[in-house]
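Visitor: Please find one structure pasted underneath; my questions will follow.
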Amino acid sequence: MSFEAWTIFALFWVVFVTTPGPNAVNCISNGMSLPFPKAMMVVLAILTQASMFLILSALGVTALIAASPTGFFVAKLVGAGFLIWLGVRGWMNAGKPAPVSERPARHVYLHALAVATINPKSVAGYLAAFSQFVQPDVPIWQQMVVIMPTALFITTLSYTGFTALGALMGKAALGAVFNIWVRRVMAACFIIYGVLLGTSTAPAARG
């Protein structure tokens with residue numbers, strides 16, 4: 001991968017991971033309600049999902065998923081239902097004190113991994129990255145040596161920033177009313193993302 005191609009890929013990935021979505025909302029929400037070190041388990045889960053999707057993309061699995069309308073439809077419905085359920089539950093629990101110690105780190109990690117993985121729209125982003133930036137005449141794993149560290153580093157910076165933003169918002173939410181409405185906004189975002197996901201179309205591989 002040339003320096004010019006790497007620069008374009010890095011800029012694409014910055015836009016990809018900084019555009020607000022379910023992962024960003026989850027980072028902010030956990031940053032508000034959990035101690036910062038425990039909230040960072042969300043970032044670790046997102047990095048796990050990113051590593052998995054990058055490897056699957058290199059193997060061509062994402063293109064196969066994108067080419068299967070039935071598989072995408074089922075994953076889309078499951079993902080949309082999951083996000084809407086998170087939003088409804090978050091809205092209903094907004095008036096209750098945020099749990100601090102009841103959620104072990106393992107639960108935070110697995111919950112975040114589910115949010116990151118179950119959203120099939122991620123397929124579109126990874127498929128776009130590989131269909132546009134990977135050179136077909138160069139062995140894929142030689143390119144992955146550059147692509148993976150770049151993508152994971154930018155992903156870490158982005159979602160650590162979202163988590164820190166949530167922590168700052170949590171400290172600022174001194175009033176109970178403000179705290180409740182911020183949490184309801186986070187919950188509404190999950191519902192909106194679920195609805196958008198449910199009405200989305202399958203990504204198309206570039207041929």
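Just so we're on the same page: first chain in the structure tokens is A, next is B, and so on; residues restart at 1 for each chain, and ligands are numbered from 1 in the order they show up.
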Would you mind listing what lies within 8 Å of A:Val88 as a ChimeraX atom specification, with only C-alpha atoms counted and same-chain residues fewer than 6 positions away left out?

Guide: /A:187-188,191

Visitor: Can you write just those residues out, all heavy atoms, as a PDB file, in the first residue's frame?

Guide:
```pdb
ATOM      1  N   ALA A 187     -30.937   6.695  25.120  1.00  0.00           N
ATOM      2  CA  ALA A 187     -31.867   5.598  24.845  1.00  0.00           C
ATOM      3  C   ALA A 187     -32.587   5.822  23.523  1.00  0.00           C
ATOM      4  O   ALA A 187     -32.759   4.895  22.726  1.00  0.00           O
ATOM      5  CB  ALA A 187     -32.876   5.476  25.984  1.00  0.00           C
ATOM      6  N   ALA A 188     -32.997   7.072  23.263  1.00  0.00           N
ATOM      7  CA  ALA A 188     -33.690   7.385  22.012  1.00  0.00           C
ATOM      8  C   ALA A 188     -32.781   7.133  20.814  1.00  0.00           C
ATOM      9  O   ALA A 188     -33.249   6.696  19.755  1.00  0.00           O
ATOM     10  CB  ALA A 188     -34.167   8.837  22.030  1.00  0.00           C
ATOM     11  N   ILE A 191     -32.955   3.553  19.871  1.00  0.00           N
ATOM     12  CA  ILE A 191     -34.207   3.249  19.176  1.00  0.00           C
ATOM     13  C   ILE A 191     -34.143   3.736  17.726  1.00  0.00           C
ATOM     14  O   ILE A 191     -34.534   3.020  16.792  1.00  0.00           O
ATOM     15  CB  ILE A 191     -35.396   3.893  19.911  1.00  0.00           C
ATOM     16  CG1 ILE A 191     -35.549   3.271  21.308  1.00  0.00           C
ATOM     17  CG2 ILE A 191     -36.690   3.729  19.114  1.00  0.00           C
ATOM     18  CD1 ILE A 191     -36.589   3.954  22.180  1.00  0.00           C
TER      19      ILE A 191
END
```

Visitor: For stretch 103-113 of chain A, work out the shell of residues within 7 Å, counting only C-alpha atoms and skipping chain neighbours fewer than 2 positions away, then give it as a VMD selection string.

Guide: chain A and resid 38 41 to 42 45 to 46 49 100 to 101 115 to 117

Visitor: My list of candidates is A:Ala5, A:Leu165, A:Met144, A:Val25. Which is closest to A:Gly87 when distances are computed with only C-alpha atoms?

Guide: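 That would be A:Val25, the residue with the smallest distance to A:Gly87.
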
Visitor: Residues near stretch 150-161 of chain A, anyone? I mean within 12 Å using only C-alpha atoms, not counting same-chain ones fewer than 6 positions away, as a PyMOL selection string.

Guide: chain A and resi 6-31+36-37+39-55+112+116+125-126+129-130+143-144+167-168
